[in-house]
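Content type TSV, C-alpha atoms, from the file final.tsv:
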chain	number	residue	atom	x	y	z
A	1	MET	CA	-46.95	-8.57	-46.84
A	2	ALA	CA	-45.72	-5.00	-46.81
A	3	ASP	CA	-46.33	-4.95	-43.10
A	4	GLU	CA	-44.14	-7.98	-42.56
A	5	THR	CA	-41.23	-6.46	-44.50
A	6	MET	CA	-41.53	-3.32	-42.49
A	7	SER	CA	-41.38	-5.09	-39.18
A	8	GLU	CA	-38.48	-7.22	-40.38
A	9	ARG	CA	-36.57	-4.12	-41.33
A	10	GLY	CA	-37.42	-2.59	-38.02
A	11	LEU	CA	-35.95	-5.57	-36.26
A	12	HIS	CA	-32.77	-5.35	-38.29
A	13	ALA	CA	-32.40	-1.67	-37.59
A	14	GLN	CA	-33.14	-2.18	-33.90
A	15	ALA	CA	-30.06	-4.09	-32.86
A	16	GLY	CA	-27.26	-6.10	-34.35
A	17	ALA	CA	-27.95	-8.75	-31.77
A	18	MET	CA	-31.20	-9.56	-33.52
A	19	GLU	CA	-29.42	-10.62	-36.72
A	20	SER	CA	-28.50	-14.22	-37.20
A	21	ALA	CA	-25.00	-15.38	-36.42
A	22	TRP	CA	-24.37	-15.92	-40.16
A	23	GLU	CA	-24.95	-12.25	-40.81
A	24	GLY	CA	-22.41	-11.24	-38.21
A	25	GLY	CA	-25.07	-10.63	-35.60
A	26	GLY	CA	-23.87	-13.21	-33.10
A	27	SER	CA	-21.57	-12.40	-30.22
A	28	PRO	CA	-20.56	-15.78	-28.82
A	29	TYR	CA	-18.20	-14.30	-26.23
A	30	ALA	CA	-20.41	-11.36	-25.25
A	31	VAL	CA	-17.43	-9.00	-25.44
A	32	GLY	CA	-16.57	-6.30	-27.96
A	33	SER	CA	-14.17	-7.06	-30.79
A	34	LYS	CA	-11.51	-4.75	-29.31
A	35	LYS	CA	-11.57	-6.61	-26.04
A	36	LEU	CA	-11.46	-9.99	-27.76
A	37	GLY	CA	-8.57	-8.77	-29.91
A	38	MET	CA	-6.63	-7.66	-26.84
A	39	TRP	CA	-7.25	-11.01	-25.15
A	40	LEU	CA	-5.94	-12.87	-28.20
A	41	PHE	CA	-2.88	-10.61	-28.26
A	42	ILE	CA	-2.32	-11.23	-24.55
A	43	VAL	CA	-2.44	-14.99	-25.02
A	44	SER	CA	0.13	-14.84	-27.83
A	45	ASP	CA	2.33	-12.46	-25.83
A	46	ALA	CA	2.06	-14.77	-22.82
A	47	ILE	CA	3.42	-17.54	-25.03
A	48	THR	CA	6.37	-15.34	-26.05
A	49	PHE	CA	7.21	-14.62	-22.42
A	50	SER	CA	6.77	-18.27	-21.46
A	51	ALA	CA	9.25	-19.23	-24.18
A	52	LEU	CA	11.80	-16.78	-22.78
A	53	LEU	CA	11.21	-17.95	-19.20
A	54	VAL	CA	11.55	-21.60	-20.23
A	55	ALA	CA	14.72	-20.78	-22.17
A	56	TYR	CA	16.11	-18.94	-19.14
A	57	SER	CA	15.36	-21.89	-16.86
A	58	TYR	CA	16.77	-24.34	-19.41
A	59	VAL	CA	20.10	-22.50	-19.65
A	60	ARG	CA	20.19	-22.21	-15.90
A	61	VAL	CA	19.62	-25.92	-15.23
A	62	ALA	CA	22.17	-26.84	-17.92
A	63	SER	CA	24.90	-24.64	-16.40
A	64	SER	CA	27.06	-25.55	-13.46
A	65	LEU	CA	28.09	-22.06	-12.39
A	66	TRP	CA	24.99	-19.90	-12.57
A	67	PRO	CA	25.73	-16.46	-11.12
A	68	ARG	CA	23.82	-15.32	-8.05
A	69	PRO	CA	24.42	-11.59	-8.27
A	70	PHE	CA	21.37	-10.37	-6.38
A	71	GLU	CA	22.30	-9.32	-2.88
A	72	SER	CA	19.94	-7.88	-0.32
A	73	ALA	CA	19.91	-4.39	-1.88
A	74	SER	CA	18.85	-5.79	-5.29
A	75	ILE	CA	16.19	-7.99	-3.73
A	76	ILE	CA	14.74	-5.04	-1.80
A	77	ASN	CA	14.84	-2.95	-4.99
A	78	ALA	CA	13.03	-5.69	-6.94
A	79	THR	CA	10.47	-6.07	-4.14
A	80	VAL	CA	9.74	-2.35	-4.28
A	81	MET	CA	9.40	-2.64	-8.08
A	82	THR	CA	6.88	-5.47	-7.59
A	83	GLY	CA	4.92	-3.35	-5.12
A	84	VAL	CA	4.89	-0.40	-7.52
A	85	LEU	CA	3.62	-2.56	-10.38
A	86	LEU	CA	0.93	-4.21	-8.22
A	87	SER	CA	-0.23	-0.81	-6.97
A	88	SER	CA	-0.36	0.54	-10.52
A	89	SER	CA	-2.69	-2.37	-11.33
A	90	LEU	CA	-4.95	-1.20	-8.50
A	91	THR	CA	-5.02	2.37	-9.86
A	92	MET	CA	-5.81	0.85	-13.26
A	93	VAL	CA	-8.91	-0.98	-12.01
A	94	MET	CA	-9.96	2.28	-10.37
A	95	ALA	CA	-9.60	4.03	-13.76
A	96	VAL	CA	-11.73	1.37	-15.46
A	97	ARG	CA	-14.33	1.68	-12.70
A	98	GLU	CA	-14.54	5.47	-12.99
A	99	SER	CA	-14.63	5.33	-16.80
A	100	LYS	CA	-17.74	3.14	-16.60
A	101	ARG	CA	-19.42	5.82	-14.50
A	102	ASP	CA	-18.39	8.47	-17.05
A	103	ALA	CA	-16.35	10.32	-14.42
A	104	VAL	CA	-13.94	11.72	-16.99
A	105	SER	CA	-11.51	13.70	-14.85
A	106	LYS	CA	-11.23	10.95	-12.22
A	107	THR	CA	-10.55	8.39	-14.94
A	108	VAL	CA	-7.81	10.57	-16.42
A	109	VAL	CA	-6.20	11.05	-12.99
A	110	TRP	CA	-6.20	7.31	-12.25
A	111	LEU	CA	-4.83	6.51	-15.72
A	112	LEU	CA	-2.01	9.02	-15.31
A	113	ALA	CA	-1.29	7.64	-11.82
A	114	THR	CA	-0.97	4.20	-13.41
A	115	ALA	CA	1.39	5.56	-16.06
A	116	ALA	CA	3.43	7.24	-13.28
A	117	GLY	CA	3.74	3.84	-11.57
A	118	GLY	CA	5.06	2.42	-14.84
A	119	ILE	CA	7.61	5.23	-15.15
A	120	LEU	CA	8.77	4.67	-11.56
A	121	PHE	CA	9.13	0.96	-12.28
A	122	ASP	CA	11.23	1.73	-15.36
A	123	ILE	CA	13.49	4.13	-13.44
A	124	LEU	CA	14.13	1.58	-10.67
A	125	HIS	CA	14.76	-1.14	-13.23
A	126	ILE	CA	17.15	0.90	-15.37
A	127	ARG	CA	19.06	1.91	-12.23
A	128	GLU	CA	19.46	-1.75	-11.41
A	129	TRP	CA	20.56	-2.60	-14.98
A	130	LEU	CA	23.19	0.13	-14.84
A	131	GLY	CA	24.44	-1.28	-11.53
A	132	LEU	CA	24.84	-4.74	-13.06
A	133	ILE	CA	26.53	-3.35	-16.19
A	134	HIS	CA	28.87	-1.39	-13.93
A	135	GLU	CA	29.75	-4.64	-12.15
A	136	GLY	CA	30.79	-6.09	-15.49
A	137	VAL	CA	27.74	-8.03	-16.70
A	138	ARG	CA	27.64	-8.13	-20.50
A	139	LEU	CA	25.46	-10.13	-22.89
A	140	PHE	CA	28.07	-12.86	-23.24
A	141	ALA	CA	30.37	-12.24	-20.30
A	142	ASN	CA	30.22	-11.65	-16.57
A	143	PRO	CA	32.73	-11.87	-13.72
A	144	TRP	CA	31.04	-14.77	-11.89
A	145	GLY	CA	30.18	-17.77	-14.04
A	146	THR	CA	28.10	-18.92	-17.00
A	147	PRO	CA	28.58	-16.26	-19.70
A	148	LEU	CA	25.00	-16.69	-20.98
A	149	PHE	CA	23.60	-15.24	-17.76
A	150	GLY	CA	23.74	-11.73	-19.24
A	151	ALA	CA	21.96	-12.67	-22.46
A	152	ALA	CA	19.23	-14.57	-20.60
A	153	PHE	CA	18.74	-11.86	-17.98
A	154	PHE	CA	18.80	-8.83	-20.27
A	155	SER	CA	16.58	-10.31	-22.99
A	156	LEU	CA	13.93	-11.42	-20.49
A	157	THR	CA	13.84	-8.29	-18.32
A	158	GLY	CA	14.47	-6.09	-21.38
A	159	LEU	CA	11.40	-7.42	-23.18
A	160	HIS	CA	9.38	-6.83	-20.03
A	161	MET	CA	10.73	-3.30	-19.66
A	162	THR	CA	9.81	-2.64	-23.29
A	163	HIS	CA	6.27	-3.77	-22.50
A	164	VAL	CA	6.09	-1.44	-19.49
A	165	THR	CA	7.37	1.49	-21.57
A	166	ILE	CA	4.90	0.83	-24.39
A	167	GLY	CA	2.20	0.50	-21.73
A	168	VAL	CA	3.05	3.92	-20.29
A	169	VAL	CA	2.72	5.53	-23.74
A	170	TYR	CA	-0.49	3.57	-24.39
A	171	LEU	CA	-2.04	4.70	-21.07
A	172	ILE	CA	-1.15	8.35	-21.64
A	173	VAL	CA	-2.62	8.25	-25.16
A	174	VAL	CA	-5.81	6.62	-23.85
A	175	ALA	CA	-6.05	9.13	-20.97
A	176	LEU	CA	-5.77	12.12	-23.31
A	177	GLY	CA	-8.15	10.54	-25.83
A	178	PHE	CA	-10.70	9.71	-23.15
A	179	ARG	CA	-10.68	13.31	-21.97
A	180	ARG	CA	-11.40	14.49	-25.52
A	181	SER	CA	-14.15	11.82	-25.82
A	182	LYS	CA	-12.18	10.25	-28.64
A	183	TYR	CA	-11.97	6.97	-26.71
A	184	SER	CA	-14.75	5.19	-24.86
A	185	ALA	CA	-14.88	3.36	-21.55
A	186	GLU	CA	-14.28	0.14	-23.49
A	187	ASP	CA	-10.95	1.49	-24.74
A	188	VAL	CA	-9.93	2.25	-21.16
A	189	GLU	CA	-10.87	-1.29	-20.16
A	190	VAL	CA	-8.87	-2.78	-23.04
A	191	SER	CA	-5.78	-0.75	-22.09
A	192	GLY	CA	-6.32	-2.03	-18.54
A	193	LEU	CA	-6.18	-5.64	-19.77
A	194	TYR	CA	-2.79	-4.93	-21.33
A	195	TRP	CA	-1.48	-3.26	-18.18
A	196	HIS	CA	-2.58	-6.10	-15.89
A	197	PHE	CA	-0.90	-8.55	-18.24
A	198	VAL	CA	2.41	-6.67	-17.92
A	199	ASP	CA	1.97	-6.89	-14.15
A	200	LEU	CA	1.17	-10.60	-14.38
A	201	VAL	CA	4.34	-11.40	-16.34
A	202	TRP	CA	6.43	-9.71	-13.66
A	203	MET	CA	4.86	-12.06	-11.09
A	204	PHE	CA	6.83	-14.85	-12.80
A	205	ILE	CA	10.02	-12.94	-13.64
A	206	PHE	CA	10.46	-11.67	-10.08
A	207	PRO	CA	10.63	-15.09	-8.34
A	208	LEU	CA	12.34	-16.98	-11.18
A	209	VAL	CA	15.03	-14.44	-12.00
A	210	TYR	CA	15.55	-12.56	-8.74
A	211	LEU	CA	14.52	-14.72	-5.81
A	212	MET	CA	15.98	-17.91	-7.29
A	213	SER	CA	19.32	-16.15	-7.85
A	214	ALA	CA	19.46	-14.28	-4.59
A	215	LYS	CA	22.65	-14.21	-2.60
A	216	LEU	CA	21.54	-13.55	0.94
A	217	ALA	CA	23.62	-14.14	4.01
B	1	MET	CA	-30.44	-1.20	-11.31
B	2	SER	CA	-31.65	1.51	-8.96
B	3	ALA	CA	-29.28	4.20	-7.71
B	4	PRO	CA	-28.71	2.82	-4.17
B	5	ALA	CA	-28.17	-0.70	-5.51
B	6	GLU	CA	-25.68	0.68	-8.03
B	7	GLN	CA	-23.91	2.47	-5.20
B	8	ALA	CA	-23.72	-0.72	-3.15
B	9	HIS	CA	-22.38	-2.63	-6.15
B	10	GLN	CA	-19.67	-0.01	-6.72
B	11	GLU	CA	-18.70	-0.16	-3.06
B	12	ALA	CA	-18.51	-3.96	-3.17
B	13	SER	CA	-16.28	-3.94	-6.26
B	14	ARG	CA	-13.95	-1.41	-4.67
B	15	LYS	CA	-13.65	-3.59	-1.56
B	16	LEU	CA	-13.00	-6.67	-3.68
B	17	PHE	CA	-10.19	-4.92	-5.58
B	18	MET	CA	-8.60	-3.78	-2.32
B	19	VAL	CA	-8.73	-7.32	-0.93
B	20	VAL	CA	-7.14	-8.74	-4.10
B	21	TRP	CA	-4.44	-6.06	-4.06
B	22	VAL	CA	-3.59	-6.67	-0.39
B	23	SER	CA	-3.44	-10.45	-0.90
B	24	LEU	CA	-1.10	-9.98	-3.88
B	25	LEU	CA	1.21	-7.83	-1.73
B	26	VAL	CA	1.09	-10.36	1.11
B	27	LEU	CA	1.93	-13.25	-1.25
B	28	THR	CA	4.86	-11.22	-2.60
B	29	GLY	CA	6.00	-10.64	0.98
B	30	VAL	CA	5.87	-14.38	1.65
B	31	GLU	CA	8.01	-15.03	-1.45
B	32	VAL	CA	10.64	-12.52	-0.39
B	33	PHE	CA	10.62	-13.92	3.17
B	34	LEU	CA	11.24	-17.43	1.76
B	35	ALA	CA	14.20	-16.12	-0.24
B	36	TYR	CA	15.78	-14.93	3.02
B	37	GLU	CA	15.21	-18.38	4.57
B	38	ASN	CA	17.69	-19.99	2.11
B	39	LEU	CA	15.56	-23.05	1.37
B	40	GLU	CA	16.74	-25.95	-0.74
B	41	VAL	CA	16.54	-25.04	-4.46
B	42	LYS	CA	13.92	-27.58	-5.57
B	43	LEU	CA	11.59	-26.90	-2.64
B	44	MET	CA	12.03	-23.16	-3.14
B	45	LEU	CA	11.19	-23.46	-6.86
B	46	ILE	CA	8.03	-25.47	-6.18
B	47	ILE	CA	6.78	-23.06	-3.50
B	48	LEU	CA	7.59	-19.96	-5.56
B	49	MET	CA	5.91	-21.31	-8.70
B	50	THR	CA	2.79	-22.32	-6.77
B	51	LEU	CA	2.54	-18.86	-5.21
B	52	SER	CA	3.14	-17.19	-8.60
B	53	ILE	CA	0.39	-19.22	-10.23
B	54	VAL	CA	-1.97	-18.23	-7.41
B	55	LYS	CA	-1.02	-14.56	-7.92
B	56	ALA	CA	-1.45	-14.82	-11.69
B	57	SER	CA	-4.89	-16.39	-11.23
B	58	LEU	CA	-5.92	-13.59	-8.88
B	59	ILE	CA	-4.86	-10.96	-11.43
B	60	ILE	CA	-6.54	-12.75	-14.35
B	61	SER	CA	-9.77	-13.50	-12.46
B	62	TYR	CA	-10.39	-10.16	-10.76
B	63	PHE	CA	-8.24	-7.38	-12.24
B	64	MET	CA	-8.66	-8.70	-15.78
B	65	HIS	CA	-12.25	-9.57	-14.99
B	66	LEU	CA	-12.10	-13.01	-16.61
B	67	ARG	CA	-14.06	-14.63	-13.78
B	68	PHE	CA	-17.07	-12.57	-14.74
B	69	GLU	CA	-16.82	-13.20	-18.49
B	70	ARG	CA	-18.64	-15.91	-20.38
B	71	THR	CA	-17.26	-19.42	-20.00
B	72	SER	CA	-16.87	-19.65	-23.77
B	73	LEU	CA	-14.25	-16.86	-23.68
B	74	VAL	CA	-12.34	-18.56	-20.85
B	75	LEU	CA	-12.45	-21.88	-22.72
B	76	THR	CA	-11.17	-20.25	-25.91
B	77	LEU	CA	-8.23	-18.53	-24.24
B	78	MET	CA	-6.95	-20.57	-21.32
B	79	PRO	CA	-6.68	-24.27	-22.32
B	80	ALA	CA	-4.76	-23.37	-25.51
B	81	LEU	CA	-2.34	-21.23	-23.51
B	82	VAL	CA	-1.75	-23.91	-20.89
B	83	PHE	CA	-1.30	-26.56	-23.59
B	84	VAL	CA	1.33	-24.53	-25.46
B	85	ILE	CA	3.24	-23.76	-22.25
B	86	VAL	CA	3.22	-27.42	-21.21
B	87	MET	CA	4.49	-28.41	-24.67
B	88	MET	CA	7.44	-26.05	-24.20
B	89	PHE	CA	8.71	-28.33	-21.46
B	90	MET	CA	8.93	-31.27	-23.85
B	91	ALA	CA	12.66	-30.73	-24.47
B	92	PHE	CA	13.37	-29.56	-20.94
B	93	PRO	CA	14.85	-32.84	-19.59
B	94	ASP	CA	17.65	-32.29	-22.10
B	95	SER	CA	18.98	-29.49	-19.91
B	96	VAL	CA	19.64	-31.98	-17.10
B	97	ARG	CA	21.24	-34.42	-19.55
B	98	LEU	CA	23.55	-31.70	-20.87
B	99	TYR	CA	24.61	-30.93	-17.32
B	100	GLU	CA	25.18	-34.57	-16.36
B	101	MET	CA	27.09	-35.51	-19.52
B	102	LYS	CA	29.26	-32.44	-19.63
B	103	PRO	CA	33.01	-33.08	-19.29
B	104	LYS	CA	33.82	-32.08	-15.74

Rewrite the structure from the file as structure tokens, please.
Amino acid sequence: MADETMSERGLHAQAGAMESAWEGGGSPYAVGSKKLGMWLFIVSDAITFSALLVAYSYVRVASSLWPRPFESASIINATVMTGVLLSSSLTMVMAVRESKRDAVSKTVVWLLATAAGGILFDILHIREWLGLIHEGVRLFANPWGTPLFGAAFFSLTGLHMTHVTIGVVYLIVVALGFRRSKYSAEDVEVSGLYWHFVDLVWMFIFPLVYLMSAKLA
Amino acid sequence: MSAPAEQAHQEASRKLFMVVWVSLLVLTGVEVFLAYENLEVKLMLIILMTLSIVKASLIISYFMHLRFERTSLVLTLMPALVFVIVMMFMAFPDSVRLYEMKPK
């Protein structure tokens, strides 16, 4: 009897996975709670962005004079921005890969490279915003057509830019924390999920907002 | 896993990521090329959205690793997302109606 209790205790102490699902021992998704939490956040954030994209398209279809302000220079600028963001996703997977091998300094370098990509993206984007504002685009007015163009454009790209900026801060914090062993490889992976999501959203904004409103000779 | 096998696995994953990255860049290039071709709006929209969905799937499957996660996780996340997005289009035909019925 005593023996049985001992072995049972041993089992409990051995691993959480041995406990029954009712005692919180089950892991139906086989991922950590942080990763699951980030995935749930990403799904809800994807819904937010979808709502903005659908609203943008709705206003566009319902308007007769939708401005097409993006000339070749803007399109090239936006293409470079897309390339920067895609490449920062590649450096991010490299960071996750190195973090799993416990190569601390390499992980930190890749993470900071990713953050640098985000900063470059922000700089290019803000430069483009300033150009549009200089041309007279305001939230509810612009020189070319439907006044709502400004509101739709700035809210959609602005929310995305906010995500990139928050991502840059997040990556730097994770990089510094990983170096001090405050954060684990799982934390790096979770920050990577967020970063790839920001990249993914841009894959819809770029064609819908820029390419569909291009004015190319 | 033994050390050489681990090494080979690492090498394979690196190659896979490079392939995914290059294909994403190529697909972006195709999109930009199409913009310069001045296609008809509807055709352009269909092609661009198809390419974007392909790109998004590549990012989700490989960069975000979802292809290698348990099916239960995929089933929890993706159908709900797709359902909600599809439901958003419920009122979309109204935009065309607004346009058609507007005083010219």

Determine the axis-aligned bounding box of all atoms of range 120-127 of chain A present in the file, pad each side by 5 Å, and express its centre and edge lengths in Å to one decimal place as lines of an AutoDock Vina configuration file.
center_x = 13.9
center_y = 1.8
center_z = -13.0
size_x = 20.3
size_y = 15.8
size_z = 14.7

Compute the set of chain A residues within 7 Å of chain B, using all atoms listed in the file, and express it as a list in words.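 Output check: Tyr29, Ala30, Val43, Ile47, Ser50, Tyr58, Val61, Ala62, Ser63, Gly83, Leu90, Val93, Leu193, His196, Leu200, Met203, Phe204, Pro207, Leu211 and Leu216 of chain A.
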
If I take CA of Val164 in chain A and CA of Trp195 in chain A, how far is one from the other in Å, to one decimal?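 Interatomic distance here is 7.9 Å.
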
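For the residues B:Ser23, B:Ile46, B:Ser61, B:Glu40, ranking by smallest atom-to-atom distance to Phe197 in chain A using all atoms listed in the file places B:Ser61 first.
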
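Going from CA of Ala55 in chain A to CA of Ala152 in chain A covers 7.8 Å.
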
How would you write as a PyMOL selection string the residues that get within 12 Å of (22.1, -5.5, 0.3) in the file's frame, counting only C-alpha atoms? (chain A and resi 69-78+214-217) or (chain B and resi 36)

Atomic separation - CA of Leu139 in chain A relative to CA of Met101 in chain B, Å: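 Spanning CA of Met101 in chain B to CA of Leu139 in chain A is a straight-line distance of 25.7 Å.
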
Which residues, written as a VMD selection string, have at least one atom at most 12 Å from Arg60 in chain A, with all atoms listed in the file counted and residues fewer than 4 positions away on the same chain left out? (chain A and resid 53 to 56 64 to 68 145 to 153 208 to 209 212 to 213) or (chain B and resid 92 95 to 96 98 to 99)

Pick out the closest residue to Val169 in chain A from this set: A:Leu36, A:Leu124, A:Val190, A:Leu111. Count all atoms listed in the file.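 Result for the nearest residue to Val169 in chain A: A:Leu111.
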
Go through A:Leu86, A:Val104, A:Gly26, A:Ile42 one by one, measure the shortest atom-to-atom distance of each to Val26 in chain B using only C-alpha atoms, and give the residue with the smallest value.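 Closest candidate: A:Leu86.
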